[in-house]
Structure formats: C-alpha cells, structure tokens
Amino acid sequence: MPLEMNKEVFITCAVTGSGGTQDRSPHVPRSAKQIADSAIDAARAGAAIVHCHVRDPETGAPSRRLDLYREVTDRIRAADVDVVLNLTAGMGGDIMFGSPEQPFPTVAGTDMVGATERVAHVAECLPEICTLDCGTMNFAEADYVMTNTPGMLTAMGRMMTALGVKPEIEAFDTGHLWYAKQLVKDGVLDSPALVQLCMGVPWGAPDDLNTFMAMVNNVPDDWTFSAFGLGRNQMAYVAASVLAGGNVRVGLEDNLWLGKGQLATNAQLVERAASIIENMGARVIGPAEVREKLGLVKRAPRA
C-alpha cells in the first residue's frame, strides 16, 4: 500500500493493564480512584480515549470485580474533562498449565469464565468501546496461554454488538486480523471495524517494521486502526503508526519509562506522544471528533 500519513490522529492511553507491573513503578495505579485519576490526567494531556483495566486495590493484582469497574467509570464520567471510555474484556481467558510432563490440572493463576461473565462489566457500565482480543496465543510466561476460541469470540462479539458497545479488535498477530475479518463477514461485528495492532508482545507479532507493515496491509481500507509498541519502542511506534495512516496508543500498560532512569506517568506519555504527532505536522483530535469518526454514542451506565 502507498504511504499515506494520518493527519488527524487520536491518542489512546492504556492506563494500567493487567501485567505484573504494580511493584515496578509507583505511578502504576491500583485503586479505582487512582486509575480514574490517572485516566483523567491523561485526558487533560490530550488522550481522546482511555483504556482501563481494574486491579485489586491492596495487592495490585488484576481483577474483574464489577464494583471496581463501576467506580472507575463513574469517577471518569463525573470529571470536568471529556474522554471516550474503553474497557478491557480480555480478562477471564487465562490458562496456567502445570509442568510440561503434567499440564493438568491447571495451576494458580488460571482464570477461565464464560462469555457472559467476561462482558458483565461492559453490560453494566456501557462504555463506548471495549476490547476483543481476537485470538489465542502464548505469552512470555512458560506455561501461560491467553485463550480466545472462535466460539468464545463469536459469543462475546455478538453481546458487544447487541449492547451498542464498539469492539476494539486487539490483534497480536496476523491470524488475529484474519479472524476479525471473518467475524465482520459473519455479521458478528459491524463494519467498518476498529482495530488495535499490538506489536512486540511475546510471543505475538514482533515489533520490526516489516511485520508492522504486513499487519497494516491486512487491515481493510475502510477500518480505523491504531498501534502500539511495547516497552522502549513505544514512542517510535507513535511515529510509525501515524506515518502508516493510523492512530496511536501509549500508557503504563505497555511501557513504564519516559527516558533512561525516568519512570513515567500516563499524562507524561500522552504529552510526549502528542508532541511527536504535532511535530510531524499532524493534529491530535479530541473525544468529540473520535465519536463522530467511529460512530460512538456516549451513554450513562445502567442504574
């Protein structure tokens, strides 16, 4: 495809994630209030979308508690700054196997639930966007598998569509894009779709530019895409995604550092991304323009 730079760019801030980063930086938010406050600060810094997980407020461990999601979304909606809400639906598909010689029974860390439970917080909070991890893959841990079967994705995708919440397809490899296109073809997801290209997550798509452009070239022309690179390449992928015609994602879910020896806040990462985008001659767009672009409707949560 010919190089066509995006001149109207939105920034997503991935606020906290579900990885074991809670003890590696004091800026990684744990409590619902901390997560909401960090998301609000990111919105003030220029993020049009905030992508939120929740954590146990005491341990920082990833959580699926509905009350925590409700508190985060209520606090963000009550803030004096507008932002598009994007909640994860990636939790509840984790398998931790036993040893290579005795994989069953599964061990501590396994969290497998049904499709309805995986989207329960989405149904209650009614964000404008929620994520749909479009495939099963190995992660860096030796015996951990993120599990998203075609049947599970079809069920979850139909629920999201029925709720009027736009799925953000998270594609960690080319096959995930292939299946996402099938979900659209089958009428499970509406077209044009929204996709996040997730680069450099072991063991998905590596974050070299050849692989990135292979991913970009597999996104249908009428879809909207965004991209991020993990860790030290986060800011490089801000520039790469804009040059390739996409939007950008930054945040503490994907990278803890602003520079060598300097731990970042979410707001600082958003500010750095906005500076890169503007210095490239593009414009950072806000939440109202994102809603218009993606056909989103801002709604109140269920009573």
# chains A, B, ... in the order shown; residues from 1 in each chain; ligands from 1
>>> select_by_dssp(residues="segment 64-174 of chain A", states="alpha helix (DSSP H)", output="PyMOL selection string")
chain A and resi 66-77+115-118+120-125+150-163+174
>>> write_last_selection(atoms="C-alpha atoms", output="CSV table (one decimal), in the first residue's frame")
chain,number,residue,atom,x,y,z
A,66,LEU,CA,-17.8,-5.2,38.8
A,67,ASP,CA,-17.8,-2.7,41.7
A,68,LEU,CA,-14.3,-1.6,40.8
A,69,TYR,CA,-15.2,-1.1,37.1
A,70,ARG,CA,-18.3,0.8,38.1
A,71,GLU,CA,-16.3,3.1,40.4
A,72,VAL,CA,-13.7,3.8,37.7
A,73,THR,CA,-16.2,4.6,35.1
A,74,ASP,CA,-18.4,6.7,37.4
A,75,ARG,CA,-15.4,8.8,38.5
A,76,ILE,CA,-14.2,9.4,34.9
A,77,ARG,CA,-17.7,10.3,33.8
A,115,ALA,CA,-18.6,-15.2,27.7
A,116,THR,CA,-21.4,-13.6,29.7
A,117,GLU,CA,-19.2,-13.2,32.7
A,118,ARG,CA,-16.3,-11.8,30.6
A,120,ALA,CA,-20.6,-8.5,32.6
A,121,HIS,CA,-18.8,-5.2,33.5
A,122,VAL,CA,-19.3,-4.0,29.9
A,123,ALA,CA,-23.1,-4.6,30.1
A,124,GLU,CA,-23.2,-2.8,33.4
A,125,CYS,CA,-21.0,0.2,32.7
A,150,PRO,CA,-13.6,-18.8,17.8
A,151,GLY,CA,-16.8,-19.8,19.7
A,152,MET,CA,-15.9,-17.6,22.6
A,153,LEU,CA,-15.1,-14.6,20.3
A,154,THR,CA,-18.3,-15.1,18.4
A,155,ALA,CA,-20.4,-15.1,21.6
A,156,MET,CA,-18.6,-12.1,23.1
A,157,GLY,CA,-18.7,-10.2,19.8
A,158,ARG,CA,-22.5,-10.7,19.5
A,159,MET,CA,-23.0,-9.5,23.0
A,160,MET,CA,-20.9,-6.4,22.5
A,161,THR,CA,-22.7,-5.6,19.2
A,162,ALA,CA,-26.2,-6.1,20.9
A,163,LEU,CA,-25.1,-3.7,23.7
A,174,THR,CA,-1.7,-11.7,11.5
>>> residues_around(residues="Lys298 of chain A", least_positions_apart="6", cutoff="9 Å", atoms="only C-alpha atoms", output="VMD selection string")
chain A and resid 84 to 85 126 to 128 291
>>> closest_residue(among="A:Pro192, A:Gly229, A:Pro103, A:Gly246", to="Pro206 of chain A", atoms="only C-alpha atoms")
A:Gly229
>>> residues_around(residues="Gly20 of chain A", least_positions_apart="2", cutoff="12 Å", atoms="only C-alpha atoms", output="ChimeraX atom specification")
/A:16-18,22-25,28,30,55,59-62,141,252-254,256
>>> write_last_selection(atoms="C-alpha atoms", output="tab-separated table (two decimals), in the first residue's frame")
chain	number	residue	atom	x	y	z
A	16	THR	CA	-2.79	0.30	33.95
A	17	GLY	CA	-3.22	-3.08	32.22
A	18	SER	CA	-3.21	-6.46	33.94
A	22	GLN	CA	2.30	-2.78	40.02
A	23	ASP	CA	5.51	-3.05	42.06
A	24	ARG	CA	7.85	-1.77	39.33
A	25	SER	CA	6.70	1.83	39.36
A	28	VAL	CA	1.08	2.39	38.13
A	30	ARG	CA	-4.04	0.30	41.71
A	55	ARG	CA	-6.77	-4.05	39.94
A	59	THR	CA	-2.28	-6.11	46.06
A	60	GLY	CA	-2.39	-4.52	42.62
A	61	ALA	CA	-3.27	-7.90	41.10
A	62	PRO	CA	-5.59	-7.86	38.05
A	141	GLU	CA	5.47	-17.00	30.69
A	252	LEU	CA	1.70	2.45	31.54
A	253	GLU	CA	0.09	-0.81	30.43
A	254	ASP	CA	2.71	-1.02	27.69
A	256	LEU	CA	6.84	2.38	32.31
>>> closest_residue(among="A:Val83, A:Val250, A:Met213, A:Val145", to="Ile49 of chain A", atoms="only C-alpha atoms")
A:Val83
>>> select_by_dssp(residues="segment 3-99 of chain A", states="strand (DSSP E)", output="PyMOL selection string")
chain A and resi 8-9+11-14+49-52+54-55+62-63+84-87+93-96
>>> residues_around(residues="Ala140 of chain A", least_positions_apart="5", cutoff="10 Å", atoms="only C-alpha atoms", output="count of residues only")
5
>>> residues_around(residues="Phe225 of chain A", least_positions_apart="4", cutoff="10 Å", atoms="only C-alpha atoms", output="PDB file with C-alpha atoms, in the first residue's frame")
ATOM      1  CA  GLU A 168     -11.781  -2.620  19.572  1.00  0.00           C
ATOM      2  CA  ILE A 169     -10.225  -5.681  17.968  1.00  0.00           C
ATOM      3  CA  GLU A 170      -6.852  -6.340  19.573  1.00  0.00           C
ATOM      4  CA  ALA A 193     -14.349  -2.070  12.443  1.00  0.00           C
ATOM      5  CA  LEU A 194     -11.807  -0.624  14.878  1.00  0.00           C
ATOM      6  CA  VAL A 195      -8.535  -2.485  15.389  1.00  0.00           C
ATOM      7  CA  GLN A 196      -5.503  -2.118  17.653  1.00  0.00           C
ATOM      8  CA  LEU A 197      -2.253  -3.576  16.302  1.00  0.00           C
ATOM      9  CA  VAL A 216      -1.182  -2.673   8.377  1.00  0.00           C
ATOM     10  CA  VAL A 219      -6.342  -4.024   7.721  1.00  0.00           C
ATOM     11  CA  PRO A 220      -9.279  -3.314   5.355  1.00  0.00           C
ATOM     12  CA  ASP A 221      -9.126   0.168   3.854  1.00  0.00           C
ATOM     13  CA  SER A 241       1.675   4.346  13.147  1.00  0.00           C
ATOM     14  CA  ALA A 244       1.361   4.307   8.121  1.00  0.00           C
ATOM     15  CA  GLY A 245      -2.024   6.045   8.331  1.00  0.00           C
ATOM     16  CA  GLY A 246      -3.037   5.025  11.847  1.00  0.00           C
ATOM     17  CA  ASN A 247      -3.625   6.329  15.327  1.00  0.00           C
ATOM     18  CA  VAL A 248      -1.567   5.754  18.471  1.00  0.00           C
TER      19      VAL A 248
END
>>> residues_around(residues="segment 35-48 of chain A", least_positions_apart="6", cutoff="7 Å", atoms="only C-alpha atoms", output="list in words")
Phe10, Ile11, Thr12, Cys13, Val15, Pro29, Val72, Arg75, Ile76, Val81, Val83, Val84, Asn266, Ala267, Val270, Glu271, Ala274, Gly286 and Pro287 of chain A
>>> write_last_selection(atoms="C-alpha atoms", output="mmCIF file, in the first residue's frame")
data_model
loop_
_atom_site.group_PDB
_atom_site.id
_atom_site.type_symbol
_atom_site.label_atom_id
_atom_site.label_comp_id
_atom_site.auth_asym_id
_atom_site.auth_seq_id
_atom_site.Cartn_x
_atom_site.Cartn_y
_atom_site.Cartn_z
ATOM 1 C CA PHE A 10 -6.336 10.235 18.183
ATOM 2 C CA ILE A 11 -4.369 9.061 21.201
ATOM 3 C CA THR A 12 -5.468 6.156 23.383
ATOM 4 C CA CYS A 13 -3.953 5.916 26.861
ATOM 5 C CA VAL A 15 -3.850 3.336 31.900
ATOM 6 C CA PRO A 29 -2.397 2.985 39.575
ATOM 7 C CA VAL A 72 -13.681 3.789 37.748
ATOM 8 C CA ARG A 75 -15.388 8.774 38.507
ATOM 9 C CA ILE A 76 -14.227 9.357 34.929
ATOM 10 C CA VAL A 81 -12.871 16.663 31.189
ATOM 11 C CA VAL A 83 -12.929 11.365 27.224
ATOM 12 C CA VAL A 84 -14.055 8.198 25.407
ATOM 13 C CA ASN A 266 0.375 8.304 31.949
ATOM 14 C CA ALA A 267 -0.008 12.048 31.386
ATOM 15 C CA VAL A 270 0.449 11.204 26.364
ATOM 16 C CA GLU A 271 2.186 14.604 26.285
ATOM 17 C CA ALA A 274 1.155 14.483 21.303
ATOM 18 C CA GLY A 286 -10.348 15.064 20.786
ATOM 19 C CA PRO A 287 -13.130 12.790 22.052
#
>>> closest_residue(among="A:Gly295, A:Gly281, A:Pro100, A:Gly92", to="Arg64 of chain A", atoms="only C-alpha atoms")
A:Gly92
>>> atom_distance(atom1="atom CA of Val50 of chain A", atom2="atom CA of Tyr237 of chain A")
18.1 Å
>>> atom_distance(atom1="atom CA of Gly187 of chain A", atom2="atom CA of Ala288 of chain A")
27.3 Å
>>> atom_distance(atom1="atom CA of Asn233 of chain A", atom2="atom CA of Trp257 of chain A")
10.5 Å
>>> decode(residues="segment 252-270 of chain A", atoms="N, CA and C atoms", output="compact mmCIF listing (two decimals), in the first residue's frame")
# COMPACT_ATOMS: atom_id res chain seq x y z
N LEU A 252 0.94 3.29 30.63
CA LEU A 252 1.70 2.45 31.54
C LEU A 252 1.39 0.97 31.40
N GLU A 253 0.31 0.61 30.71
CA GLU A 253 0.09 -0.81 30.43
C GLU A 253 1.21 -1.37 29.58
N ASP A 254 1.75 -0.55 28.70
CA ASP A 254 2.71 -1.02 27.69
C ASP A 254 4.15 -0.60 27.96
N ASN A 255 4.36 0.43 28.76
CA ASN A 255 5.71 0.98 28.93
C ASN A 255 5.73 1.84 30.20
N LEU A 256 6.76 1.65 31.04
CA LEU A 256 6.84 2.38 32.31
C LEU A 256 7.76 3.59 32.26
N TRP A 257 8.50 3.76 31.15
CA TRP A 257 9.60 4.71 31.15
C TRP A 257 9.38 5.87 30.19
N LEU A 258 9.76 7.07 30.65
CA LEU A 258 9.78 8.25 29.80
C LEU A 258 11.15 8.41 29.15
N GLY A 259 12.17 8.03 29.85
CA GLY A 259 13.55 8.08 29.36
C GLY A 259 14.41 7.22 30.27
N LYS A 260 15.68 7.13 29.99
CA LYS A 260 16.58 6.30 30.78
C LYS A 260 16.59 6.75 32.23
N GLY A 261 16.20 5.83 33.13
CA GLY A 261 16.18 6.13 34.54
C GLY A 261 15.03 7.01 35.00
N GLN A 262 14.08 7.32 34.12
CA GLN A 262 12.98 8.22 34.45
C GLN A 262 11.65 7.51 34.26
N LEU A 263 11.03 7.13 35.39
CA LEU A 263 9.72 6.49 35.34
C LEU A 263 8.66 7.51 34.94
N ALA A 264 7.74 7.08 34.10
CA ALA A 264 6.74 7.97 33.52
C ALA A 264 5.42 7.91 34.26
N THR A 265 4.62 8.95 34.08
CA THR A 265 3.20 8.91 34.39
C THR A 265 2.44 8.76 33.08
N ASN A 266 1.18 8.40 33.17
CA ASN A 266 0.38 8.30 31.95
C ASN A 266 0.29 9.65 31.24
N ALA A 267 0.10 10.73 32.00
CA ALA A 267 -0.01 12.05 31.39
C ALA A 267 1.27 12.42 30.65
N GLN A 268 2.42 12.09 31.21
CA GLN A 268 3.69 12.41 30.54
C GLN A 268 3.84 11.63 29.24
N LEU A 269 3.40 10.38 29.22
CA LEU A 269 3.49 9.59 27.99
C LEU A 269 2.56 10.16 26.92
N VAL A 270 1.38 10.59 27.32
CA VAL A 270 0.45 11.20 26.36
C VAL A 270 1.03 12.52 25.83
